[in-house]
Amino acid sequence: RHEVRQLYMDNATRFDGHPVTVLDMPEGSQEREAFYQSATGKSASQLKSYWARMIFTGQGMPPRQVKSARDMVQKLKYDPRAVGYVQEADMQEGLRVLLRLP
């Protein structure tokens with residue numbers, strides 16, 4: 001959880017020594033809300049406020065948003081640098097799991 005929190009809140013660009021591109025579900029999606037609540041203990045709206053402050057102070061940029069769960073899966077499958085999250089039902093062969101959340 002600590003590493004996931006760093007990726008999504010600390011503007012991390014590396015994981016386990018490798019460069020990464022952090023991806024996020026669309027604003028307002030149920031997946032995004034559930035992920036942030038489980039992974040960070042914060043709501044998606046709290047993270048939106050956090051990133052607004054970070055952008056305003058020049059301390060970082062939020063993860064890149066994808067268009068849909070299908071788009072997330074495609075980006076994760078074909079970009080070895082991509083890090084993101086999907087629901088268990090959207091898991092496919094070729095995706096690697098960093099953390100499973102309840």
# chains A, B, ... in the order shown; residues from 1 in each chain; ligands from 1
call {"tool": "residues_around", "arguments": {"residues": "A:Ser43", "least_positions_apart": "6", "cutoff": "9 Å", "atoms": "only C-alpha atoms", "output": "number ranges by chain"}}
result
A: 32-37
call {"tool": "residues_around", "arguments": {"residues": "stretch 63-77 of chain A", "least_positions_apart": "4", "cutoff": "6 Å", "atoms": "only C-alpha atoms", "output": "CSV table (one decimal) with all heavy atoms, in the first residue's frame"}}
result
chain,number,residue,atom,x,y,z
A,22,VAL,N,2.0,6.7,-14.4
A,22,VAL,CA,0.9,6.3,-13.5
A,22,VAL,C,-0.4,6.8,-14.2
A,22,VAL,O,-0.5,7.9,-14.7
A,22,VAL,CB,1.0,7.0,-12.1
A,22,VAL,CG1,-0.1,6.7,-11.2
A,22,VAL,CG2,2.4,6.6,-11.5
A,23,LEU,N,-1.4,5.8,-14.3
A,23,LEU,CA,-2.6,6.1,-14.9
A,23,LEU,C,-3.8,6.1,-13.9
A,23,LEU,O,-3.7,5.4,-12.9
A,23,LEU,CB,-2.9,5.0,-16.0
A,23,LEU,CG,-1.8,4.8,-17.1
A,23,LEU,CD1,-2.2,3.6,-17.9
A,23,LEU,CD2,-1.7,6.1,-17.9
A,24,ASP,N,-4.8,6.8,-14.2
A,24,ASP,CA,-6.0,7.0,-13.4
A,24,ASP,C,-7.2,6.8,-14.2
A,24,ASP,O,-7.3,7.1,-15.3
A,24,ASP,CB,-5.9,8.4,-12.7
A,24,ASP,CG,-6.6,8.5,-11.4
A,24,ASP,OD1,-7.3,7.5,-11.0
A,24,ASP,OD2,-6.6,9.6,-10.8
A,25,MET,N,-8.3,6.3,-13.5
A,25,MET,CA,-9.6,6.1,-14.1
A,25,MET,C,-10.2,7.5,-14.3
A,25,MET,O,-9.8,8.5,-13.7
A,25,MET,CB,-10.5,5.3,-13.3
A,25,MET,CG,-10.2,3.8,-13.3
A,25,MET,SD,-10.6,3.1,-14.9
A,25,MET,CE,-10.4,1.4,-14.5
A,26,PRO,N,-11.2,7.6,-15.1
A,26,PRO,CA,-11.9,8.9,-15.3
A,26,PRO,C,-12.5,9.5,-14.0
A,26,PRO,O,-12.9,8.7,-13.2
A,26,PRO,CB,-13.0,8.6,-16.3
A,26,PRO,CG,-12.7,7.3,-16.9
A,26,PRO,CD,-11.9,6.6,-15.9
A,82,ALA,N,3.5,1.4,-17.8
A,82,ALA,CA,2.2,1.9,-17.3
A,82,ALA,C,1.9,1.2,-16.0
A,82,ALA,O,2.0,0.0,-15.8
A,82,ALA,CB,1.1,1.7,-18.3
A,95,LEU,N,-1.6,-8.9,-17.5
A,95,LEU,CA,-1.5,-7.9,-16.6
A,95,LEU,C,-0.9,-8.4,-15.3
A,95,LEU,O,-1.2,-9.5,-14.9
A,95,LEU,CB,-2.9,-7.3,-16.2
A,95,LEU,CG,-3.7,-6.7,-17.3
A,95,LEU,CD1,-5.1,-6.2,-16.8
A,95,LEU,CD2,-3.0,-5.5,-17.9
call {"tool": "select_by_dssp", "arguments": {"residues": "stretch 13-97 of chain A", "states": "strand (DSSP E or B)", "output": "list in words"}}
result
Arg14, Phe15, His18, Pro19, Thr21, Val22, Leu23, Asp24, Arg64, Gln65, Ala82 and Val83 of chain A
call {"tool": "select_by_dssp", "arguments": {"residues": "chain A", "states": "helix (DSSP H, G or I)", "output": "PyMOL selection string"}}
result
chain A and resi 2-9+30-40+44-56+69-78+88-90
call {"tool": "closest_residue", "arguments": {"among": "A:Lys42, A:Gly60, A:Gly28, A:Val83", "to": "A:Phe15", "atoms": "only C-alpha atoms"}}
result
A:Val83
call {"tool": "residues_around", "arguments": {"residues": "A:His2", "least_positions_apart": "3", "cutoff": "9 Å", "atoms": "only C-alpha atoms", "output": "ChimeraX atom specification"}}
result
/A:5-7,39-40
call {"tool": "residues_around", "arguments": {"residues": "A:Trp51", "least_positions_apart": "3", "cutoff": "9 Å", "atoms": "only C-alpha atoms", "output": "list in words"}}
result
Met9, Gln46, Leu47, Lys48, Met54, Ile55, Phe56, Gly60, Met61 and Pro62 of chain A
call {"tool": "write_last_selection", "arguments": {"atoms": "N, CA and C atoms", "output": "short mmCIF file (atom, residue, chain, number, x, y, z; two decimals), in the first residue's frame"}}
result
data_model
loop_
_atom_site.label_atom_id
_atom_site.label_comp_id
_atom_site.auth_asym_id
_atom_site.auth_seq_id
_atom_site.Cartn_x
_atom_site.Cartn_y
_atom_site.Cartn_z
N MET A 9 0.06 9.67 -4.88
CA MET A 9 0.01 10.92 -4.12
C MET A 9 1.33 11.69 -4.11
N GLN A 46 -11.19 14.41 -2.26
CA GLN A 46 -10.06 14.86 -1.45
C GLN A 46 -8.78 14.84 -2.27
N LEU A 47 -8.61 13.80 -3.10
CA LEU A 47 -7.42 13.72 -3.96
C LEU A 47 -7.45 14.81 -5.01
N LYS A 48 -8.63 15.15 -5.52
CA LYS A 48 -8.74 16.22 -6.50
C LYS A 48 -8.27 17.54 -5.88
N MET A 54 -1.18 20.86 -5.38
CA MET A 54 0.13 20.48 -5.91
C MET A 54 0.41 21.19 -7.23
N ILE A 55 -0.58 21.26 -8.09
CA ILE A 55 -0.42 21.94 -9.39
C ILE A 55 -0.18 23.43 -9.15
N PHE A 56 -0.99 24.03 -8.29
CA PHE A 56 -0.90 25.46 -8.02
C PHE A 56 0.48 25.84 -7.48
N GLY A 60 3.82 19.25 -8.58
CA GLY A 60 3.54 17.99 -9.24
C GLY A 60 2.31 18.05 -10.12
N MET A 61 2.13 16.97 -10.84
CA MET A 61 0.99 16.80 -11.72
C MET A 61 0.31 15.48 -11.36
N PRO A 62 -1.02 15.43 -11.46
CA PRO A 62 -1.75 14.20 -11.13
C PRO A 62 -1.49 13.11 -12.16
#
call {"tool": "closest_atom_pairs", "arguments": {"of": "stretch 11-31 of chain A", "to": "stretch 87-91 of chain A", "cutoff": "12 Å", "atoms": "only C-alpha atoms", "output": "tab-separated table"}}
result
residue	atom	partner	partner_atom	distance
A:Met25	CA	A:Gln87	CA	10.9
A:Ser29	CA	A:Gln87	CA	11.8
A:Gln30	CA	A:Gln87	CA	10.0
A:Glu31	CA	A:Gln87	CA	7.0
call {"tool": "closest_residue", "arguments": {"among": "A:Gly84, A:Arg53, A:Asp10, A:Tyr78", "to": "A:Val97", "atoms": "only C-alpha atoms"}}
result
A:Gly84
call {"tool": "residues_around", "arguments": {"residues": "A:Pro19", "least_positions_apart": "6", "cutoff": "10 Å", "atoms": "only C-alpha atoms", "output": "list in words"}}
result
Ala12, Thr13, Pro80, Arg81 and Ala82 of chain A
call {"tool": "decode", "arguments": {"residues": "stretch 30-59 of chain A", "atoms": "N, CA, C and O atoms", "output": "mmCIF file, in the first residue's frame"}}
result
data_model
loop_
_atom_site.group_PDB
_atom_site.id
_atom_site.type_symbol
_atom_site.label_atom_id
_atom_site.label_comp_id
_atom_site.auth_asym_id
_atom_site.auth_seq_id
_atom_site.Cartn_x
_atom_site.Cartn_y
_atom_site.Cartn_z
ATOM 1 N N GLN A 30 -16.805 4.974 -10.531
ATOM 2 C CA GLN A 30 -16.885 4.191 -9.296
ATOM 3 C C GLN A 30 -15.557 3.526 -8.979
ATOM 4 O O GLN A 30 -15.167 3.413 -7.813
ATOM 5 N N GLU A 31 -14.846 3.081 -10.018
ATOM 6 C CA GLU A 31 -13.554 2.438 -9.826
ATOM 7 C C GLU A 31 -12.564 3.384 -9.150
ATOM 8 O O GLU A 31 -11.835 3.000 -8.245
ATOM 9 N N ARG A 32 -12.565 4.620 -9.590
ATOM 10 C CA ARG A 32 -11.656 5.625 -9.033
ATOM 11 C C ARG A 32 -11.961 5.877 -7.566
ATOM 12 O O ARG A 32 -11.068 5.903 -6.717
ATOM 13 N N GLU A 33 -13.233 6.068 -7.237
ATOM 14 C CA GLU A 33 -13.632 6.321 -5.853
ATOM 15 C C GLU A 33 -13.242 5.151 -4.953
ATOM 16 O O GLU A 33 -12.651 5.353 -3.887
ATOM 17 N N ALA A 34 -13.570 3.943 -5.381
ATOM 18 C CA ALA A 34 -13.259 2.756 -4.570
ATOM 19 C C ALA A 34 -11.752 2.586 -4.407
ATOM 20 O O ALA A 34 -11.265 2.264 -3.314
ATOM 21 N N PHE A 35 -11.004 2.807 -5.472
ATOM 22 C CA PHE A 35 -9.551 2.659 -5.413
ATOM 23 C C PHE A 35 -8.946 3.643 -4.418
ATOM 24 O O PHE A 35 -8.169 3.268 -3.551
ATOM 25 N N TYR A 36 -9.288 4.920 -4.542
ATOM 26 C CA TYR A 36 -8.694 5.913 -3.654
ATOM 27 C C TYR A 36 -9.064 5.670 -2.201
ATOM 28 O O TYR A 36 -8.226 5.826 -1.314
ATOM 29 N N GLN A 37 -10.302 5.285 -1.957
ATOM 30 C CA GLN A 37 -10.709 5.023 -0.584
ATOM 31 C C GLN A 37 -9.901 3.860 -0.008
ATOM 32 O O GLN A 37 -9.401 3.945 1.114
ATOM 33 N N SER A 38 -9.739 2.789 -0.766
ATOM 34 C CA SER A 38 -9.005 1.617 -0.280
ATOM 35 C C SER A 38 -7.496 1.834 -0.217
ATOM 36 O O SER A 38 -6.848 1.442 0.741
ATOM 37 N N ALA A 39 -6.932 2.454 -1.241
ATOM 38 C CA ALA A 39 -5.476 2.582 -1.332
ATOM 39 C C ALA A 39 -4.902 3.722 -0.505
ATOM 40 O O ALA A 39 -3.787 3.625 -0.008
ATOM 41 N N THR A 40 -5.669 4.824 -0.372
ATOM 42 C CA THR A 40 -5.113 5.997 0.299
ATOM 43 C C THR A 40 -5.893 6.416 1.534
ATOM 44 O O THR A 40 -5.421 7.250 2.294
ATOM 45 N N GLY A 41 -7.104 5.876 1.697
ATOM 46 C CA GLY A 41 -7.938 6.295 2.815
ATOM 47 C C GLY A 41 -8.593 7.641 2.578
ATOM 48 O O GLY A 41 -9.151 8.234 3.497
ATOM 49 N N LYS A 42 -8.521 8.138 1.357
ATOM 50 C CA LYS A 42 -9.104 9.427 1.008
ATOM 51 C C LYS A 42 -10.110 9.237 -0.123
ATOM 52 O O LYS A 42 -10.007 8.297 -0.895
ATOM 53 N N SER A 43 -11.044 10.172 -0.217
ATOM 54 C CA SER A 43 -12.020 10.107 -1.300
ATOM 55 C C SER A 43 -11.409 10.701 -2.562
ATOM 56 O O SER A 43 -10.398 11.416 -2.507
ATOM 57 N N ALA A 44 -12.033 10.429 -3.688
ATOM 58 C CA ALA A 44 -11.559 10.988 -4.951
ATOM 59 C C ALA A 44 -11.625 12.514 -4.908
ATOM 60 O O ALA A 44 -10.746 13.190 -5.455
ATOM 61 N N SER A 45 -12.627 13.083 -4.246
ATOM 62 C CA SER A 45 -12.715 14.551 -4.165
ATOM 63 C C SER A 45 -11.593 15.126 -3.307
ATOM 64 O O SER A 45 -11.070 16.206 -3.601
ATOM 65 N N GLN A 46 -11.193 14.413 -2.256
ATOM 66 C CA GLN A 46 -10.063 14.865 -1.450
ATOM 67 C C GLN A 46 -8.775 14.843 -2.275
ATOM 68 O O GLN A 46 -7.954 15.745 -2.175
ATOM 69 N N LEU A 47 -8.615 13.795 -3.098
ATOM 70 C CA LEU A 47 -7.422 13.720 -3.959
ATOM 71 C C LEU A 47 -7.449 14.810 -5.013
ATOM 72 O O LEU A 47 -6.405 15.361 -5.367
ATOM 73 N N LYS A 48 -8.630 15.148 -5.517
ATOM 74 C CA LYS A 48 -8.736 16.222 -6.502
ATOM 75 C C LYS A 48 -8.267 17.540 -5.881
ATOM 76 O O LYS A 48 -7.514 18.295 -6.504
ATOM 77 N N SER A 49 -8.666 17.812 -4.655
ATOM 78 C CA SER A 49 -8.221 19.021 -3.953
ATOM 79 C C SER A 49 -6.715 18.981 -3.719
ATOM 80 O O SER A 49 -6.024 19.988 -3.883
ATOM 81 N N TYR A 50 -6.221 17.829 -3.333
ATOM 82 C CA TYR A 50 -4.777 17.655 -3.111
ATOM 83 C C TYR A 50 -4.003 18.001 -4.383
ATOM 84 O O TYR A 50 -3.038 18.761 -4.353
ATOM 85 N N TRP A 51 -4.438 17.441 -5.513
ATOM 86 C CA TRP A 51 -3.724 17.694 -6.768
ATOM 87 C C TRP A 51 -3.882 19.134 -7.230
ATOM 88 O O TRP A 51 -2.952 19.694 -7.835
ATOM 89 N N ALA A 52 -4.984 19.775 -6.936
ATOM 90 C CA ALA A 52 -5.148 21.192 -7.278
ATOM 91 C C ALA A 52 -4.098 22.021 -6.542
ATOM 92 O O ALA A 52 -3.472 22.913 -7.133
ATOM 93 N N ARG A 53 -3.870 21.709 -5.258
ATOM 94 C CA ARG A 53 -2.831 22.417 -4.492
ATOM 95 C C ARG A 53 -1.442 22.133 -5.053
ATOM 96 O O ARG A 53 -0.611 23.030 -5.165
ATOM 97 N N MET A 54 -1.181 20.861 -5.382
ATOM 98 C CA MET A 54 0.134 20.479 -5.905
ATOM 99 C C MET A 54 0.415 21.189 -7.230
ATOM 100 O O MET A 54 1.530 21.673 -7.463
ATOM 101 N N ILE A 55 -0.583 21.263 -8.093
ATOM 102 C CA ILE A 55 -0.417 21.940 -9.385
ATOM 103 C C ILE A 55 -0.185 23.435 -9.154
ATOM 104 O O ILE A 55 0.729 24.023 -9.731
ATOM 105 N N PHE A 56 -0.992 24.030 -8.287
ATOM 106 C CA PHE A 56 -0.895 25.462 -8.024
ATOM 107 C C PHE A 56 0.483 25.844 -7.485
ATOM 108 O O PHE A 56 1.031 26.884 -7.842
ATOM 109 N N THR A 57 1.041 24.997 -6.622
ATOM 110 C CA THR A 57 2.346 25.305 -6.022
ATOM 111 C C THR A 57 3.509 24.800 -6.869
ATOM 112 O O THR A 57 4.667 24.969 -6.491
ATOM 113 N N GLY A 58 3.208 24.173 -7.999
ATOM 114 C CA GLY A 58 4.269 23.686 -8.879
ATOM 115 C C GLY A 58 4.983 22.456 -8.369
ATOM 116 O O GLY A 58 6.097 22.150 -8.782
ATOM 117 N N GLN A 59 4.343 21.705 -7.482
ATOM 118 C CA GLN A 59 4.979 20.543 -6.873
ATOM 119 C C GLN A 59 4.648 19.224 -7.550
ATOM 120 O O GLN A 59 5.128 18.191 -7.118
#
